[in-house]
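This is query_38.pdb (PDB, C-alpha atoms).
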```pdb
MODEL        1
ATOM      1  CA  MET P 295     -10.249  26.819   1.765
ATOM      2  CA  LEU P 296     -11.644  23.288   1.536
ATOM      3  CA  ASP P 297     -13.836  23.895  -1.490
ATOM      4  CA  GLN P 298     -13.186  21.793  -4.548
ATOM      5  CA  THR P 299     -10.845  23.449  -7.040
ATOM      6  CA  ALA P 300     -12.305  24.554 -10.357
ATOM      7  CA  ILE P 301     -10.258  22.095 -12.392
ATOM      8  CA  ALA P 302     -10.547  19.058 -10.116
ATOM      9  CA  GLU P 303     -13.300  17.424 -12.149
ATOM     10  CA  PRO P 304     -12.248  18.405 -15.691
ATOM     11  CA  LEU P 305      -8.640  17.370 -15.032
ATOM     12  CA  ASP P 306      -9.800  14.084 -13.586
ATOM     13  CA  ALA P 307     -11.975  13.436 -16.648
ATOM     14  CA  TYR P 308      -9.232  14.413 -19.077
ATOM     15  CA  LEU P 309      -6.601  12.209 -17.479
ATOM     16  CA  ARG P 310      -9.025   9.324 -17.146
ATOM     17  CA  GLU P 311      -9.562   9.435 -20.912
ATOM     18  CA  VAL P 312      -5.834   9.715 -21.607
ATOM     19  CA  VAL P 313      -5.060   6.713 -19.428
ATOM     20  CA  GLN P 314      -7.773   4.658 -21.098
ATOM     21  CA  THR P 315      -6.414   5.559 -24.544
ATOM     22  CA  LEU P 316      -2.903   4.593 -23.481
ATOM     23  CA  HIS P 317      -4.066   1.259 -22.108
ATOM     24  CA  THR P 318      -5.905   0.520 -25.339
ATOM     25  CA  ALA P 319      -2.807   1.278 -27.400
ATOM     26  CA  VAL P 320      -0.606  -0.819 -25.102
ATOM     27  CA  SER P 321      -2.999  -3.771 -25.211
ATOM     28  CA  GLN P 322      -3.200  -3.673 -28.991
ATOM     29  CA  GLY P 323       0.566  -3.337 -29.205
ATOM     30  CA  MET P 324       1.131  -6.282 -26.897
ATOM     31  CA  ARG P 325      -1.124  -8.487 -29.000
ATOM     32  CA  ARG P 326       0.654  -7.486 -32.205
ATOM     33  CA  ALA P 327       4.108  -7.790 -30.691
ATOM     34  CA  ALA P 328       3.339 -11.312 -29.578
ATOM     35  CA  ASP P 329       3.181 -12.277 -33.265
ATOM     36  CA  SER P 330       5.869  -9.983 -34.574
ATOM     37  CA  PRO P 331       7.726  -7.412 -32.469
ATOM     38  CA  ALA P 332       7.923  -4.936 -35.331
ATOM     39  CA  ALA P 333       4.154  -5.021 -35.767
ATOM     40  CA  ALA P 334       3.675  -2.896 -32.636
ATOM     41  CA  THR P 335       5.442   0.154 -34.052
ATOM     42  CA  ALA P 336       2.255   2.114 -34.673
ATOM     43  CA  GLN P 337       0.971   1.541 -31.126
ATOM     44  CA  ILE P 338       4.321   2.509 -29.624
ATOM     45  CA  ASP P 339       4.284   5.682 -31.706
ATOM     46  CA  ASP P 340       0.759   6.418 -30.491
ATOM     47  CA  CYS P 341       1.869   6.007 -26.875
ATOM     48  CA  ALA P 342       4.875   8.254 -27.466
ATOM     49  CA  GLU P 343       2.688  10.947 -28.958
ATOM     50  CA  ILE P 344       0.193  10.857 -26.086
ATOM     51  CA  LEU P 345       2.867  10.773 -23.425
ATOM     52  CA  LYS P 346       4.679  13.700 -25.025
ATOM     53  CA  VAL P 347       1.558  15.797 -24.502
ATOM     54  CA  ILE P 348       1.127  14.649 -20.902
ATOM     55  CA  MET P 349       4.786  15.163 -20.022
ATOM     56  CA  ALA P 350       4.545  18.726 -21.368
ATOM     57  CA  GLY P 351       1.878  19.276 -18.728
ATOM     58  CA  ASP P 352       0.097  22.159 -20.444
ATOM     59  CA  VAL P 353      -3.073  21.789 -18.415
ATOM     60  CA  ARG P 354      -4.594  25.071 -19.576
ATOM     61  CA  ASP P 355      -4.318  23.885 -23.169
ATOM     62  CA  TRP P 356      -5.788  20.443 -22.389
ATOM     63  CA  LEU P 357      -8.777  21.881 -20.618
ATOM     64  CA  ALA P 358      -9.135  24.923 -22.907
ATOM     65  CA  LEU P 359      -8.975  27.279 -19.940
TER
ATOM     66  CA  MET Q  10      -8.717  10.191  17.173
ATOM     67  CA  PRO Q  11      -7.263   6.651  17.286
ATOM     68  CA  GLY Q  12      -9.272   4.396  14.994
ATOM     69  CA  GLU Q  13     -11.507   7.231  13.890
ATOM     70  CA  GLN Q  14     -11.987   7.853  10.174
ATOM     71  CA  ILE Q  15     -12.908  11.228   8.763
ATOM     72  CA  GLU Q  16     -14.965  11.748   5.643
ATOM     73  CA  GLN Q  17     -14.494  14.728   3.378
ATOM     74  CA  HIS Q  18     -17.672  16.406   4.586
ATOM     75  CA  ASP Q  19     -16.311  16.354   8.159
ATOM     76  CA  LEU Q  20     -12.917  17.747   7.270
ATOM     77  CA  ALA Q  21     -13.742  21.403   7.876
ATOM     78  CA  ARG Q  22     -14.377  20.601  11.556
ATOM     79  CA  GLN Q  23     -10.950  19.055  12.067
ATOM     80  CA  ASP Q  24      -7.903  20.583  13.675
ATOM     81  CA  PRO Q  25      -6.014  22.926  11.303
ATOM     82  CA  GLU Q  26      -2.853  20.887  11.809
ATOM     83  CA  TYR Q  27      -4.635  17.778  10.577
ATOM     84  CA  ILE Q  28      -5.915  19.587   7.498
ATOM     85  CA  ASP Q  29      -2.467  21.020   6.767
ATOM     86  CA  LEU Q  30      -0.815  17.603   7.048
ATOM     87  CA  LEU Q  31      -3.449  15.974   4.875
ATOM     88  CA  ARG Q  32      -3.089  18.621   2.185
ATOM     89  CA  ARG Q  33       0.673  18.232   2.315
ATOM     90  CA  VAL Q  34       0.718  14.465   2.114
ATOM     91  CA  LEU Q  35      -1.704  14.424  -0.817
ATOM     92  CA  ALA Q  36       0.398  16.944  -2.734
ATOM     93  CA  ILE Q  37       3.584  14.966  -2.061
ATOM     94  CA  GLN Q  38       1.977  11.690  -3.102
ATOM     95  CA  ALA Q  39       0.665  13.248  -6.322
ATOM     96  CA  ASP Q  40       4.128  14.666  -6.995
ATOM     97  CA  CYS Q  41       5.753  11.263  -6.545
ATOM     98  CA  GLU Q  42       3.246   9.541  -8.821
ATOM     99  CA  ILE Q  43       3.779  11.903 -11.746
ATOM    100  CA  GLY Q  44       7.473  12.278 -10.926
ATOM    101  CA  GLY Q  45       8.168   8.713 -12.074
ATOM    102  CA  PRO Q  46       7.069   9.114 -15.697
ATOM    103  CA  HIS Q  47       8.924  12.410 -15.859
ATOM    104  CA  LEU Q  48      12.088  10.521 -14.946
ATOM    105  CA  TYR Q  49      11.972   7.839 -17.604
ATOM    106  CA  VAL Q  50       9.465   8.400 -20.415
ATOM    107  CA  ASP Q  51      11.628  10.653 -22.596
ATOM    108  CA  ALA Q  52      14.640   8.368 -22.689
ATOM    109  CA  MET Q  53      13.244   4.916 -22.021
ATOM    110  CA  LEU Q  54      10.217   4.801 -24.289
ATOM    111  CA  PRO Q  55      12.370   5.018 -27.430
ATOM    112  CA  ALA Q  56      15.352   3.149 -25.971
ATOM    113  CA  ALA Q  57      13.874   0.154 -24.144
ATOM    114  CA  PRO Q  58      15.492  -3.047 -25.432
ATOM    115  CA  SER Q  59      12.474  -4.481 -27.246
ATOM    116  CA  PRO Q  60       9.020  -3.401 -28.466
ATOM    117  CA  ILE Q  61       7.460  -5.333 -25.593
ATOM    118  CA  ASP Q  62       9.659  -3.437 -23.142
ATOM    119  CA  GLN Q  63       8.704  -0.152 -24.829
ATOM    120  CA  LEU Q  64       5.066  -1.022 -24.280
ATOM    121  CA  VAL Q  65       5.794  -1.904 -20.660
ATOM    122  CA  VAL Q  66       7.330   1.557 -20.216
ATOM    123  CA  ALA Q  67       4.195   3.110 -21.716
ATOM    124  CA  ARG Q  68       1.900   0.985 -19.560
ATOM    125  CA  THR Q  69       3.881   1.813 -16.429
ATOM    126  CA  ALA Q  70       3.646   5.518 -17.236
ATOM    127  CA  ALA Q  71      -0.100   5.200 -17.890
ATOM    128  CA  GLU Q  72      -0.615   3.554 -14.514
ATOM    129  CA  GLU Q  73       1.424   6.183 -12.686
ATOM    130  CA  ILE Q  74      -0.495   8.942 -14.462
ATOM    131  CA  ASP Q  75      -3.687   7.284 -13.280
ATOM    132  CA  HIS Q  76      -2.346   7.159  -9.717
ATOM    133  CA  PHE Q  77      -1.541  10.849 -10.006
ATOM    134  CA  ARG Q  78      -5.096  11.443 -11.205
ATOM    135  CA  LYS Q  79      -6.532   9.721  -8.146
ATOM    136  CA  PHE Q  80      -4.419  11.602  -5.607
ATOM    137  CA  ALA Q  81      -4.799  14.886  -7.489
ATOM    138  CA  ARG Q  82      -8.564  14.400  -7.361
ATOM    139  CA  LEU Q  83      -8.501  13.823  -3.604
ATOM    140  CA  ALA Q  84      -6.390  16.950  -3.233
ATOM    141  CA  GLY Q  85      -8.568  18.964  -5.601
ATOM    142  CA  ASP Q  86     -11.686  17.951  -3.720
ATOM    143  CA  ILE Q  87     -10.346  19.694  -0.613
ATOM    144  CA  GLY Q  88      -9.055  22.776  -2.379
ATOM    145  CA  VAL Q  89      -5.479  21.803  -3.204
ATOM    146  CA  ASP Q  90      -4.596  22.455  -6.830
ATOM    147  CA  THR Q  91      -1.864  20.014  -7.892
ATOM    148  CA  ALA Q  92      -2.090  20.649 -11.641
ATOM    149  CA  TYR Q  93       1.237  22.500 -11.515
ATOM    150  CA  LEU Q  94       2.926  19.191 -10.681
ATOM    151  CA  LEU Q  95       2.261  17.991 -14.223
ATOM    152  CA  SER Q  96       4.767  20.477 -15.632
ATOM    153  CA  ARG Q  97       7.037  20.910 -12.638
ATOM    154  CA  PRO Q  98      10.749  20.670 -13.510
ATOM    155  CA  ASN Q  99      12.242  17.445 -12.173
ATOM    156  CA  GLN Q 100      14.757  19.392 -10.085
ATOM    157  CA  GLU Q 101      11.880  20.841  -8.048
ATOM    158  CA  ARG Q 102      10.215  17.546  -7.086
ATOM    159  CA  TYR Q 103       9.562  16.990  -3.388
ATOM    160  CA  LEU Q 104      11.784  13.920  -3.163
ATOM    161  CA  GLU Q 105      15.324  13.744  -4.474
ATOM    162  CA  ALA Q 106      14.642  10.382  -6.113
ATOM    163  CA  PHE Q 107      12.579  12.183  -8.751
ATOM    164  CA  ARG Q 108      14.946  15.054  -9.466
ATOM    165  CA  GLY Q 109      17.073  13.530 -12.199
ATOM    166  CA  ARG Q 110      16.484  11.516 -15.356
ATOM    167  CA  ILE Q 111      16.626   7.806 -16.055
ATOM    168  CA  THR Q 112      18.565   7.156 -19.227
ATOM    169  CA  THR Q 113      19.618   3.499 -18.957
ATOM    170  CA  TRP Q 114      17.643   0.285 -18.903
ATOM    171  CA  GLU Q 115      19.574  -0.774 -15.808
ATOM    172  CA  ASP Q 116      18.346   2.300 -13.952
ATOM    173  CA  PHE Q 117      14.790   1.721 -15.135
ATOM    174  CA  ALA Q 118      14.930  -1.876 -13.906
ATOM    175  CA  VAL Q 119      16.383  -1.024 -10.506
ATOM    176  CA  PHE Q 120      14.003   1.894 -10.125
ATOM    177  CA  GLY Q 121      11.140  -0.593 -10.324
ATOM    178  CA  PHE Q 122      12.887  -3.061  -8.054
ATOM    179  CA  LEU Q 123      13.816  -0.606  -5.303
ATOM    180  CA  ILE Q 124      12.070   2.761  -5.672
ATOM    181  CA  ASP Q 125       8.614   1.534  -6.624
ATOM    182  CA  ARG Q 126       8.978  -0.763  -3.617
ATOM    183  CA  VAL Q 127       9.635   2.254  -1.387
ATOM    184  CA  GLY Q 128       6.560   3.771  -2.986
ATOM    185  CA  LYS Q 129       4.546   0.779  -1.923
ATOM    186  CA  TYR Q 130       5.741   1.212   1.654
ATOM    187  CA  GLN Q 131       4.546   4.801   1.527
ATOM    188  CA  LEU Q 132       1.170   3.787   0.135
ATOM    189  CA  GLU Q 133       0.780   1.131   2.827
ATOM    190  CA  GLU Q 134       0.851   3.931   5.372
ATOM    191  CA  PHE Q 135      -2.494   5.130   4.041
ATOM    192  CA  VAL Q 136      -4.250   1.782   4.426
ATOM    193  CA  SER Q 137      -6.817   2.300   7.203
ATOM    194  CA  CYS Q 138      -5.517   5.813   7.767
ATOM    195  CA  SER Q 139      -7.690   8.456   9.365
ATOM    196  CA  TYR Q 140      -8.850  10.129   6.131
ATOM    197  CA  ALA Q 141     -11.416   7.738   4.707
ATOM    198  CA  PRO Q 142     -11.269   8.839   1.037
ATOM    199  CA  LEU Q 143      -7.513   8.281   1.051
ATOM    200  CA  SER Q 144      -7.781   4.968   2.840
ATOM    201  CA  ARG Q 145     -10.346   3.702   0.330
ATOM    202  CA  ILE Q 146      -7.906   4.086  -2.583
ATOM    203  CA  LEU Q 147      -5.542   1.645  -0.908
ATOM    204  CA  GLU Q 148      -7.932  -0.832   0.636
ATOM    205  CA  HIS Q 149      -7.782  -4.361  -0.690
ATOM    206  CA  PRO Q 150      -8.452  -4.999  -3.499
ATOM    207  CA  SER Q 151      -6.669  -1.843  -4.587
ATOM    208  CA  ARG Q 152      -5.896  -1.218  -8.234
ATOM    209  CA  VAL Q 153      -3.173   1.224  -7.225
ATOM    210  CA  MET Q 154      -1.490  -1.378  -5.034
ATOM    211  CA  ASP Q 155      -1.848  -4.103  -7.651
ATOM    212  CA  GLU Q 156      -0.298  -1.898 -10.305
ATOM    213  CA  GLU Q 157       2.572  -0.924  -8.018
ATOM    214  CA  ASP Q 158       3.159  -4.625  -7.381
ATOM    215  CA  GLY Q 159       3.380  -5.100 -11.140
ATOM    216  CA  HIS Q 160       6.025  -2.386 -11.448
ATOM    217  CA  ILE Q 161       8.002  -3.909  -8.610
ATOM    218  CA  ASP Q 162       7.792  -7.413 -10.090
ATOM    219  CA  PHE Q 163       8.910  -6.203 -13.509
ATOM    220  CA  GLY Q 164      11.838  -4.288 -12.046
ATOM    221  CA  THR Q 165      12.855  -7.175  -9.816
ATOM    222  CA  THR Q 166      12.750  -9.683 -12.674
ATOM    223  CA  ARG Q 167      14.718  -7.453 -15.036
ATOM    224  CA  THR Q 168      17.299  -6.624 -12.369
ATOM    225  CA  ALA Q 169      17.799 -10.324 -11.649
ATOM    226  CA  GLU Q 170      18.114 -11.105 -15.358
ATOM    227  CA  LEU Q 171      20.736  -8.435 -15.902
ATOM    228  CA  ALA Q 172      22.661  -9.560 -12.809
ATOM    229  CA  ALA Q 173      22.609 -13.159 -14.027
ATOM    230  CA  ARG Q 174      24.366 -12.207 -17.248
ATOM    231  CA  GLY Q 175      27.539 -11.553 -15.277
ATOM    232  CA  GLY Q 176      30.527  -9.570 -16.514
ATOM    233  CA  GLU Q 177      29.893  -6.021 -17.633
ATOM    234  CA  ALA Q 178      26.131  -6.440 -17.429
ATOM    235  CA  ARG Q 179      26.435  -7.336 -13.762
ATOM    236  CA  GLN Q 180      28.735  -4.375 -13.150
ATOM    237  CA  ARG Q 181      26.272  -1.997 -14.758
ATOM    238  CA  ILE Q 182      23.335  -3.278 -12.741
ATOM    239  CA  GLN Q 183      25.409  -3.165  -9.559
ATOM    240  CA  ARG Q 184      26.224   0.495 -10.244
ATOM    241  CA  ALA Q 185      22.552   1.271 -10.713
ATOM    242  CA  LEU Q 186      21.725  -0.673  -7.560
ATOM    243  CA  ASN Q 187      24.322   1.242  -5.539
ATOM    244  CA  PHE Q 188      22.748   4.553  -6.544
ATOM    245  CA  TRP Q 189      19.091   3.640  -6.052
ATOM    246  CA  TYR Q 190      19.644   1.714  -2.822
ATOM    247  CA  THR Q 191      20.988   4.837  -1.156
ATOM    248  CA  THR Q 192      18.272   6.975  -2.727
ATOM    249  CA  GLY Q 193      15.604   4.538  -1.582
ATOM    250  CA  LEU Q 194      16.770   4.506   2.021
ATOM    251  CA  ASP Q 195      16.765   8.300   2.079
ATOM    252  CA  MET Q 196      13.193   8.380   0.749
ATOM    253  CA  PHE Q 197      11.926   7.220   4.138
ATOM    254  CA  GLY Q 198      13.110  10.483   5.664
ATOM    255  CA  LYS Q 199      14.883  11.237   8.906
ATOM    256  CA  SER Q 200      14.443   8.758  11.722
ATOM    257  CA  ASP Q 201      13.731  11.582  14.172
ATOM    258  CA  SER Q 202      11.468  13.586  11.859
ATOM    259  CA  ARG Q 203       9.033  15.663  13.882
ATOM    260  CA  ARG Q 204       6.600  15.948  10.991
ATOM    261  CA  ALA Q 205       6.533  12.160  10.570
ATOM    262  CA  GLU Q 206       5.577  11.891  14.213
ATOM    263  CA  ARG Q 207       2.723  14.351  13.720
ATOM    264  CA  TYR Q 208       1.452  12.261  10.784
ATOM    265  CA  ARG Q 209       1.325   9.322  13.194
ATOM    266  CA  VAL Q 210      -0.370  11.319  15.916
ATOM    267  CA  TRP Q 211      -3.132  12.253  13.474
ATOM    268  CA  GLY Q 212      -3.479   8.755  12.078
ATOM    269  CA  LEU Q 213      -2.273   9.633   8.600
ATOM    270  CA  LYS Q 214       0.632   7.201   8.888
ATOM    271  CA  HIS Q 215       1.261   4.115  11.006
ATOM    272  CA  ARG Q 216       4.987   3.442  11.129
ATOM    273  CA  THR Q 217       7.871   5.656  12.058
ATOM    274  CA  ASN Q 218      10.284   6.455   9.258
ATOM    275  CA  ASP Q 219      12.864   4.201  10.834
ATOM    276  CA  GLU Q 220      10.465   1.289  11.294
ATOM    277  CA  ALA Q 221       9.443   1.415   7.656
ATOM    278  CA  ARG Q 222      13.053   1.744   6.519
ATOM    279  CA  GLN Q 223      14.154  -1.245   8.606
ATOM    280  CA  GLN Q 224      11.322  -3.375   7.246
ATOM    281  CA  TYR Q 225      12.299  -2.360   3.722
ATOM    282  CA  VAL Q 226      15.939  -3.280   4.328
ATOM    283  CA  ALA Q 227      14.882  -6.649   5.727
ATOM    284  CA  GLU Q 228      12.870  -7.253   2.563
ATOM    285  CA  VAL Q 229      15.296  -6.088  -0.132
ATOM    286  CA  ASN Q 230      18.654  -7.225   1.213
ATOM    287  CA  PRO Q 231      17.870 -10.955   0.829
ATOM    288  CA  LEU Q 232      16.560 -10.265  -2.693
ATOM    289  CA  ILE Q 233      19.796  -8.504  -3.610
ATOM    290  CA  HIS Q 234      21.832 -11.391  -2.192
ATOM    291  CA  ALA Q 235      19.741 -13.903  -4.114
ATOM    292  CA  MET Q 236      20.510 -12.048  -7.357
ATOM    293  CA  GLY Q 237      24.206 -12.454  -6.675
ATOM    294  CA  LEU Q 238      24.631  -8.719  -6.215
ATOM    295  CA  ASP Q 239      26.335  -6.920  -3.370
ATOM    296  CA  VAL Q 240      24.248  -5.109  -0.779
ATOM    297  CA  PRO Q 241      25.552  -1.527  -0.731
ATOM    298  CA  ASP Q 242      26.747   0.128   2.452
ATOM    299  CA  PRO Q 243      23.491   1.406   3.995
ATOM    300  CA  LEU Q 244      25.189   4.538   5.327
ATOM    301  CA  ALA Q 245      27.314   5.532   2.330
ATOM    302  CA  GLY Q 246      26.113   8.745   0.717
ATOM    303  CA  ARG Q 247      23.030   8.994   2.877
ATOM    304  CA  LYS Q 248      21.469  12.404   3.514
ATOM    305  CA  TYR Q 249      18.611  11.491   5.831
ATOM    306  CA  LEU Q 250      19.504   9.163   8.676
TER
ENDMDL
END
```
Before anything else, please render the file you have as C-alpha cells.
Amino acid sequence: MLDQTAIAEPLDAYLREVVQTLHTAVSQGMRRAADSPAAATAQIDDCAEILKVIMAGDVRDWLAL
Amino acid sequence: MPGEQIEQHDLARQDPEYIDLLRRVLAIQADCEIGGPHLYVDAMLPAAPSPIDQLVVARTAAEEIDHFRKFARLAGDIGVDTAYLLSRPNQERYLEAFRGRITTWEDFAVFGFLIDRVGKYQLEEFVSCSYAPLSRILEHPSRVMDEEDGHIDFGTTRTAELAARGGEARQRIQRALNFWYTTGLDMFGKSDSRRAERYRVWGLKHRTNDEARQQYVAEVNPLIHAMGLDVPDPLAGRKYL
C-alpha cells in the first residue's frame, strides 16, 4: 500500500526534463524579446508545442508504457 | 504527535487515518498545481497581450508543472498514483476554482493576484508539518514558495495596471475580481469542516479554514482598495461558509 508506484521515478524524470526545456526556451525568448518582441516567436512556438503535449497528459505515451 | 515529524520510512507504522489524510492532501495539492495550467495555457499562451507576456504564461505553466512533479513524486513514493491528474478534465478537479477555463487577460491577472495567493496560504500549512518530506519542500528557502510569490506579484501588478486605466478596462478587471474573490474565499473550505480539524489534529495543517480565510481577507482587501477597486461582498455567491 505504501510502496512506491511504478511510474513515480520515470514520470518525475520526464517532467523534470520538460520543465528544464521550457525554462530554457523562456529564457532565450526573454533575451530576444528584450531587443525585439517579434524575435521571440520561435521560442514561444516551442513552448506552445511542449505545453500542448503536457496538457494532453498522455503519460503512457510519454513513458512508452 | 505535536511537534513530531515523520519520515517516509516511518509512515507504515502510523495511524491509518494519518496515512489516509496524507495521501489525500498530496493528491489534492498535485491536482491544484496542474489544474492551473489546464485553466489558462490553451487560451492565454496565444492571446497574451505581448510576446513577453506570452513567455510569462509559459514560464508560469512550467513552474506549476514542476510543482506538480514534486507533489506527485511525494505521492508516488507512498503508493499514490497521481498521473491521471495530468489528463483529468477540468470539470473533475478537486476544487471548483480549477473547473473552468481562463480566456481573458483580466482573469489571468486576477487569478495570479487572488488564487495563487490562496495557493500560497495552502502551501504555508505544510511548513513544519508532521510529514517531513512534505515540510522540506516548503521550508525556507523554498523554490516552490518563491515561484508562487512570483506568480502573485505578476498578477497583482497586472491587476493594478488594468485597474489604473479606468473606464472599460477598470470595469473588466472589477468583473474578474468579483468572480475570483468569491472563488478564492470558497477555496479555504467550510469553517466547521471536520476533515480540516483532523488535518490539524495530525499536524498536517496549522490553521483552521476560517483562520486562514480571515488572514487572507485582511491581506487582500487593503490591496484591492489601494488599486481603486471595490471589495466584493464576501458572502455573495459563496458555497462554503
Wanna dump the chain P-chain Q contacts at 7 Å for me, each residue with its shortest atom pair and the distance in Å to one decimal, counting only C-alpha atoms, ordered by chain and number, as CSV?
```
residue,atom,partner,partner_atom,distance
P:Met295,CA,Q:Gly88,CA,5.9
P:Leu296,CA,Q:Ile87,CA,4.4
P:Asp297,CA,Q:Gly88,CA,5.0
P:Gln298,CA,Q:Asp86,CA,4.2
P:Thr299,CA,Q:Gly88,CA,5.0
P:Ala302,CA,Q:Gly85,CA,4.9
P:Asp306,CA,Q:Arg78,CA,5.9
P:Leu309,CA,Q:Arg78,CA,6.5
P:Arg310,CA,Q:Asp75,CA,6.9
P:Val313,CA,Q:Ala71,CA,5.4
P:Leu316,CA,Q:Ala71,CA,6.3
P:His317,CA,Q:Arg68,CA,6.5
P:Val320,CA,Q:Leu64,CA,5.7
P:Met324,CA,Q:Ile61,CA,6.5
P:Ala327,CA,Q:Ile61,CA,6.6
P:Pro331,CA,Q:Pro60,CA,5.8
P:Ala334,CA,Q:Pro60,CA,6.8
P:Ile338,CA,Q:Leu64,CA,6.4
P:Cys341,CA,Q:Ala67,CA,6.4
P:Met349,CA,Q:His47,CA,6.5
P:Ala350,CA,Q:Ser96,CA,6.0
P:Gly351,CA,Q:Ser96,CA,4.4
P:Asp352,CA,Q:Ser96,CA,6.9
P:Val353,CA,Q:Ala92,CA,6.9
```
Check: Once the PyMOL selection byres ((chain Q and resi 186-194) around 10) has been applied to the shown file, what residues remain in the selection, as a PyMOL selection string?
Finding: chain Q and resi 104-107+115-116+118-128+168+180-185+195-199+218-219+221-223+225-226+229-230+233+238-250
Note to self: Just want the 10 Å neighbourhood of Arg354 of chain P, counted on all atoms listed in the file, with same-chain residues fewer than 4 positions away dropped. Output as an MDAnalysis selection string.
What the structure shows: (chainID P and resid 301 305 358:359) or (chainID Q and resid 92)
Next item on the list: Carefully work through the PyMOL selection byres ((chain Q and resi 211) around 10) for this structure and note down the residues it includes, as number ranges by chain.
Entry: Q: 10-11, 13, 24, 26-28, 30-31, 138-140, 206-210, 212-215
Item checked: Separation of atom CA of Leu48 of chain Q from atom CA of Ile111 of chain Q, in Å and rounded to one decimal ->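 Between these atoms lies a distance of 5.4 Å.
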